[in-house]
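The block underneath contains the structure these notes are about, expressed in structure tokens.
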Amino acid sequence: MNTFLSILLINTVCIQAFIHRNMSLARSPYPIREFLGMTIRRYRKPAPWGEQKSACRLLFNNKQEADFRIGFVGDICPLKNRKAHFSEEVLQFFEDCSIMVGNFEGIITDKPHYPFLLKHTPEVFEALKVIKPLDQWILTIANNHAIDYGPEALINTLARISDHNIRWVGTVDKPSIDIHPGISLTAWTWWLNGQTDIIQLDDPGPPDSQGFHIAAPHWGYEHERNPRLSQREKLPEGYDMIVGHHSHLPQPLEIVSSGRPVAWSLGNFTTANKLRVLGEGAILKAGFIQNHTPVLHSINYRAILLNRNTPGLCSVTLRD
């Protein structure tokens, strides 16, 4: 390990210790070995793209056209003093989607910002509005940063989201919601930066009702290109489709042995952080045929890049 990385690692551990001491509800959820590995990956350049496809389309029915589409994005991280700018190609990708789903990574609060804690400002809603009207968004809030500023800040954040006519999911009281007639979305997290009885911490299972059930787990490991074998062995059962997040890097879209589509992680969708490892993501849209129970027609997947080199902007474009 070089000297620069060693200094960064020491500083990171010291910052975490400070946060732990001064904000007892916010701390790393990882065992020390995993925490050190995550920190090293965080300050290195991203792993090579390799053979992973930047564009992919899975077709499940070639005899009919899709009746409606649902769009998915990864981690919506704080923009701080930046504005999000989405390329025309990104906007066109979601143009025919009637519903948008994204992971709301962070908390809206007036408390001071601390390193490693994610603090949103209300301007995040303006960014989402560029993609689709806010009442067409569903936000998953089960993630490790949900409790960064304590339970009261989380409750206030949920109220702010609701005030903007946005639906949300991922608490113990609301682990699943119907996002379209016959389609459910269930959210939970493997990780949490503290303790609370508000956030759903494990897979509650899909609803008992008949329908197409989508899982949105916040799972896996940060800054990694591919899911680990241990994650592959923990695929949630009973869902028809899985769209995950947490890695902050895009991971593959695959059809697993059970025949189900799994987008392991969509990486980042927005961020103000200029670390190279945080500048990638993927977007996805699923087309459905409206039968008595909706049937999956197709999935389109595109990798994206987040450019934060221009002051005041986070520019989101399709990856070539």
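If you're wondering about the labels, chains in the structure tokens are A, B, ... by order shown, residues count from 1 in each chain, ligands from 1 in order shown.
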**Study point:** Shell of 7 Å around Thr270 (chain A), only C-alpha atoms, local chain residues under 3 positions omitted, as JSON, numbers by chain
**Key:** {"A": [75, 76, 77, 79, 314]}
**Study point:** Shell around Gly71 (chain A) at 12 Å using only C-alpha atoms, local window under 6 positions removed, as a PyMOL selection string
**Key:** chain A and resi 90-102+131-132+136-139+179+243+266+282-288+298-302
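Every protein, DNA or RNA residue with an atom at most 6 Å from region 26-35 of chain A, where only C-alpha atoms count and chain neighbours fewer than 4 positions away do not, is listed here: His20, Asp148, Leu192, Asn193 and Gly194 of chain A.
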Selected residues written out with C-alpha atoms, as a short mmCIF file (atom, residue, chain, number, x, y, z; two decimals), in the first residue's frame:
```
data_model
loop_
_atom_site.label_atom_id
_atom_site.label_comp_id
_atom_site.auth_asym_id
_atom_site.auth_seq_id
_atom_site.Cartn_x
_atom_site.Cartn_y
_atom_site.Cartn_z
CA HIS A 20 -18.90 7.44 16.41
CA ASP A 148 -27.23 8.87 9.58
CA LEU A 192 -27.37 0.33 8.48
CA ASN A 193 -25.11 3.01 9.98
CA GLY A 194 -26.67 2.67 13.42
#
```
At a cut-off of 9 Å, can you tabulate as JSON lines every residue of region 252-301 of chain A near region 209-212 of chain A together with its closest atom pair and the distance in Å to one decimal, using only C-alpha atoms and ordering rows by chain then number?
```
{"residue": "A:His292", "atom": "CA", "partner": "A:Gly211", "partner_atom": "CA", "distance": 8.7}
{"residue": "A:Thr293", "atom": "CA", "partner": "A:Gly211", "partner_atom": "CA", "distance": 5.4}
{"residue": "A:Pro294", "atom": "CA", "partner": "A:Phe212", "partner_atom": "CA", "distance": 6.3}
{"residue": "A:Val295", "atom": "CA", "partner": "A:Phe212", "partner_atom": "CA", "distance": 7.3}
{"residue": "A:Leu296", "atom": "CA", "partner": "A:Phe212", "partner_atom": "CA", "distance": 8.3}
```
Could you write out that same residue set with N, CA and C atoms as a PDB file, in the first residue's frame?
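Result file result_29.pdb:
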```pdb
ATOM      1  N   HIS A 292     -54.158 -10.036 -16.843  1.00  0.00           N
ATOM      2  CA  HIS A 292     -54.762 -10.068 -15.507  1.00  0.00           C
ATOM      3  C   HIS A 292     -53.667  -9.871 -14.459  1.00  0.00           C
ATOM      4  N   THR A 293     -52.542 -10.576 -14.640  1.00  0.00           N
ATOM      5  CA  THR A 293     -51.321 -10.303 -13.894  1.00  0.00           C
ATOM      6  C   THR A 293     -50.295  -9.796 -14.898  1.00  0.00           C
ATOM      7  N   PRO A 294     -49.674  -8.639 -14.652  1.00  0.00           N
ATOM      8  CA  PRO A 294     -48.704  -8.117 -15.616  1.00  0.00           C
ATOM      9  C   PRO A 294     -47.595  -9.129 -15.911  1.00  0.00           C
ATOM     10  N   VAL A 295     -47.172  -9.158 -17.161  1.00  0.00           N
ATOM     11  CA  VAL A 295     -46.144 -10.090 -17.617  1.00  0.00           C
ATOM     12  C   VAL A 295     -44.951  -9.281 -18.113  1.00  0.00           C
ATOM     13  N   LEU A 296     -43.750  -9.681 -17.711  1.00  0.00           N
ATOM     14  CA  LEU A 296     -42.544  -8.979 -18.132  1.00  0.00           C
ATOM     15  C   LEU A 296     -42.321  -9.170 -19.629  1.00  0.00           C
TER      16      LEU A 296
END
```
Check your understanding: Which is closest to Asn62 (chain A) among A:Val316, A:Tyr221, A:Ile289, A:Glu89, if we use only C-alpha atoms?
Key ->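 Distance minimum relative to Asn62 (chain A) lands on A:Ile289.
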Exercise for review: Please indicate the distance in Å from CA of Arg41 (chain A) to CA of Gln251 (chain A), rounded to one decimal place.
Suggested key: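 A separation of 15.4 Å between them.
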Using only C-alpha atoms, which residues sit within 10 Å of His218 (chain A) once same-chain residues fewer than 2 positions away are excluded, as a compact mmCIF listing (two decimals) with C-alpha atoms, in the first residue's frame?
```txt
# COMPACT_ATOMS: atom_id res chain seq x y z
CA GLY A 74 -29.52 3.48 -8.53
CA ASP A 75 -28.33 5.55 -5.60
CA ASN A 103 -32.87 4.60 -3.98
CA THR A 140 -36.70 3.18 -1.57
CA ILE A 141 -35.36 4.47 1.74
CA ALA A 142 -34.01 1.20 3.20
CA ASN A 143 -30.26 1.79 2.98
CA ASN A 144 -27.29 2.21 5.30
CA ALA A 187 -37.23 -2.94 -0.18
CA TRP A 188 -34.82 -3.79 2.61
CA THR A 189 -31.16 -3.27 3.50
CA TRP A 190 -28.30 -5.50 4.60
CA TRP A 191 -26.50 -2.55 6.16
CA LEU A 192 -27.37 0.33 8.48
CA LEU A 201 -33.32 -4.86 7.77
CA ASP A 202 -34.01 -8.21 6.14
CA ALA A 215 -37.27 -6.89 -4.92
CA ALA A 216 -35.10 -3.79 -4.35
CA GLY A 220 -23.62 -6.45 -1.45
CA TYR A 221 -20.38 -4.55 -1.00
CA VAL A 243 -33.01 -4.66 -8.91
CA GLY A 244 -30.36 -3.90 -6.30
CA HIS A 245 -28.09 -1.08 -5.18
CA HIS A 246 -25.36 -0.18 -2.67
CA SER A 247 -22.13 -0.93 -4.55
CA TRP A 264 -27.19 -6.80 -9.03
CA SER A 265 -26.61 -3.07 -8.57
```
Review point. Nearest to Glu152 (chain A) among A:Leu58, A:Ile107, A:Ala84, A:Asp203, with distances taken over only C-alpha atoms: which residue is it?
Key: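 That would be A:Ile107, the residue with the smallest distance to Glu152 (chain A).
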**Study point:** Per-residue DSSP, region 70-303 of chain A, filtered to strand (DSSP E), as a PyMOL selection string
**Key:** chain A and resi 70-76+83-86+99-104+107-108+119-120+137-140+167-169+176-180+183-189+212-218+241-243+253-255+261-263+268-270+280-289+295-303
Could you dump the residues just selected with C-alpha atoms as an mmCIF file, in the first residue's frame?
```
data_model
loop_
_atom_site.group_PDB
_atom_site.id
_atom_site.type_symbol
_atom_site.label_atom_id
_atom_site.label_comp_id
_atom_site.auth_asym_id
_atom_site.auth_seq_id
_atom_site.Cartn_x
_atom_site.Cartn_y
_atom_site.Cartn_z
ATOM 1 C CA ILE A 70 -41.133 1.224 -15.300
ATOM 2 C CA GLY A 71 -37.774 2.996 -14.996
ATOM 3 C CA PHE A 72 -35.129 2.265 -12.371
ATOM 4 C CA VAL A 73 -32.109 4.245 -11.201
ATOM 5 C CA GLY A 74 -29.516 3.483 -8.533
ATOM 6 C CA ASP A 75 -28.327 5.555 -5.598
ATOM 7 C CA ILE A 76 -29.623 9.112 -5.550
ATOM 8 C CA LYS A 83 -27.330 20.820 -10.093
ATOM 9 C CA ALA A 84 -28.005 17.586 -11.944
ATOM 10 C CA HIS A 85 -27.870 17.776 -15.713
ATOM 11 C CA PHE A 86 -29.170 14.785 -17.655
ATOM 12 C CA ILE A 99 -43.226 5.089 -13.125
ATOM 13 C CA MET A 100 -39.709 5.756 -11.791
ATOM 14 C CA VAL A 101 -37.991 3.898 -8.937
ATOM 15 C CA GLY A 102 -34.772 5.043 -7.238
ATOM 16 C CA ASN A 103 -32.867 4.601 -3.979
ATOM 17 C CA PHE A 104 -32.905 7.771 -1.857
ATOM 18 C CA ILE A 107 -31.364 12.405 4.799
ATOM 19 C CA ILE A 108 -32.867 15.881 4.484
ATOM 20 C CA LYS A 119 -27.141 14.975 3.794
ATOM 21 C CA HIS A 120 -29.611 15.943 1.072
ATOM 22 C CA TRP A 137 -41.539 8.531 -8.482
ATOM 23 C CA ILE A 138 -41.206 5.778 -5.866
ATOM 24 C CA LEU A 139 -38.193 6.038 -3.557
ATOM 25 C CA THR A 140 -36.698 3.183 -1.566
ATOM 26 C CA ARG A 167 -44.334 7.431 -2.636
ATOM 27 C CA TRP A 168 -41.698 5.628 -0.596
ATOM 28 C CA VAL A 169 -41.039 2.114 0.696
ATOM 29 C CA SER A 176 -43.773 -3.378 0.260
ATOM 30 C CA ILE A 177 -46.078 -1.241 -1.848
ATOM 31 C CA ASP A 178 -48.047 -1.720 -5.040
ATOM 32 C CA ILE A 179 -46.431 0.519 -7.635
ATOM 33 C CA HIS A 180 -48.863 -0.465 -10.418
ATOM 34 C CA ILE A 183 -46.907 -5.117 -9.473
ATOM 35 C CA SER A 184 -45.333 -4.848 -6.022
ATOM 36 C CA LEU A 185 -41.991 -3.422 -4.869
ATOM 37 C CA THR A 186 -40.288 -4.659 -1.682
ATOM 38 C CA ALA A 187 -37.232 -2.943 -0.181
ATOM 39 C CA TRP A 188 -34.823 -3.794 2.612
ATOM 40 C CA THR A 189 -31.161 -3.267 3.497
ATOM 41 C CA PHE A 212 -45.428 -9.579 -10.396
ATOM 42 C CA HIS A 213 -43.143 -8.994 -7.403
ATOM 43 C CA ILE A 214 -39.963 -6.888 -7.611
ATOM 44 C CA ALA A 215 -37.265 -6.888 -4.916
ATOM 45 C CA ALA A 216 -35.102 -3.788 -4.354
ATOM 46 C CA PRO A 217 -32.444 -4.865 -1.835
ATOM 47 C CA HIS A 218 -29.682 -2.565 -0.634
ATOM 48 C CA MET A 241 -37.251 -9.640 -10.641
ATOM 49 C CA ILE A 242 -34.471 -8.154 -8.494
ATOM 50 C CA VAL A 243 -33.007 -4.665 -8.906
ATOM 51 C CA LEU A 253 -27.727 -7.572 -15.425
ATOM 52 C CA GLU A 254 -28.099 -11.353 -15.551
ATOM 53 C CA ILE A 255 -30.610 -14.136 -15.895
ATOM 54 C CA PRO A 261 -33.598 -11.308 -14.150
ATOM 55 C CA VAL A 262 -31.255 -9.816 -11.561
ATOM 56 C CA ALA A 263 -29.669 -6.379 -11.856
ATOM 57 C CA ASN A 268 -24.892 5.779 -8.620
ATOM 58 C CA PHE A 269 -27.410 8.046 -10.314
ATOM 59 C CA THR A 270 -26.397 11.382 -8.780
ATOM 60 C CA GLU A 280 -20.564 5.420 -12.563
ATOM 61 C CA GLY A 281 -23.986 3.837 -12.609
ATOM 62 C CA ALA A 282 -26.627 2.210 -14.755
ATOM 63 C CA ILE A 283 -30.224 2.889 -15.655
ATOM 64 C CA LEU A 284 -32.847 0.290 -16.440
ATOM 65 C CA LYS A 285 -36.398 0.090 -17.698
ATOM 66 C CA ALA A 286 -38.715 -2.877 -17.651
ATOM 67 C CA GLY A 287 -41.559 -3.216 -20.130
ATOM 68 C CA PHE A 288 -44.748 -5.084 -19.186
ATOM 69 C CA ILE A 289 -47.735 -6.558 -20.960
ATOM 70 C CA VAL A 295 -46.144 -10.090 -17.617
ATOM 71 C CA LEU A 296 -42.544 -8.979 -18.132
ATOM 72 C CA HIS A 297 -41.948 -8.097 -21.779
ATOM 73 C CA SER A 298 -38.385 -6.745 -21.860
ATOM 74 C CA ILE A 299 -35.573 -5.111 -19.897
ATOM 75 C CA ASN A 300 -33.286 -2.393 -21.250
ATOM 76 C CA TYR A 301 -30.047 -1.645 -19.377
ATOM 77 C CA ARG A 302 -27.610 1.205 -20.064
ATOM 78 C CA ALA A 303 -24.465 2.176 -18.197
#
```
Check your understanding: Out of A:Val256, A:Leu313, A:Ala159, A:Ile147, which residue has the shortest atom-to-atom distance to Gln195 (chain A) when counting only C-alpha atoms?
Key ->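 Ranking A:Val256, A:Leu313, A:Ala159, A:Ile147 by distance to Gln195 (chain A), first place goes to A:Ile147.
Note that CA of Pro151 (chain A) and CA of Thr196 (chain A) are 7.0 Å apart.
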**Study point:** Nearest residue to Gly267 (chain A) from the set A:Gly37, A:Pro48, A:Pro206, A:Pro250 (distances using only C-alpha atoms)
**Key:**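 Ranking A:Gly37, A:Pro48, A:Pro206, A:Pro250 by distance to Gly267 (chain A), first place goes to A:Pro250.
Atom pair CA of Pro133 (chain A) / CA of Thr157 (chain A) has a distance of 19.1 Å (rounded to one decimal).
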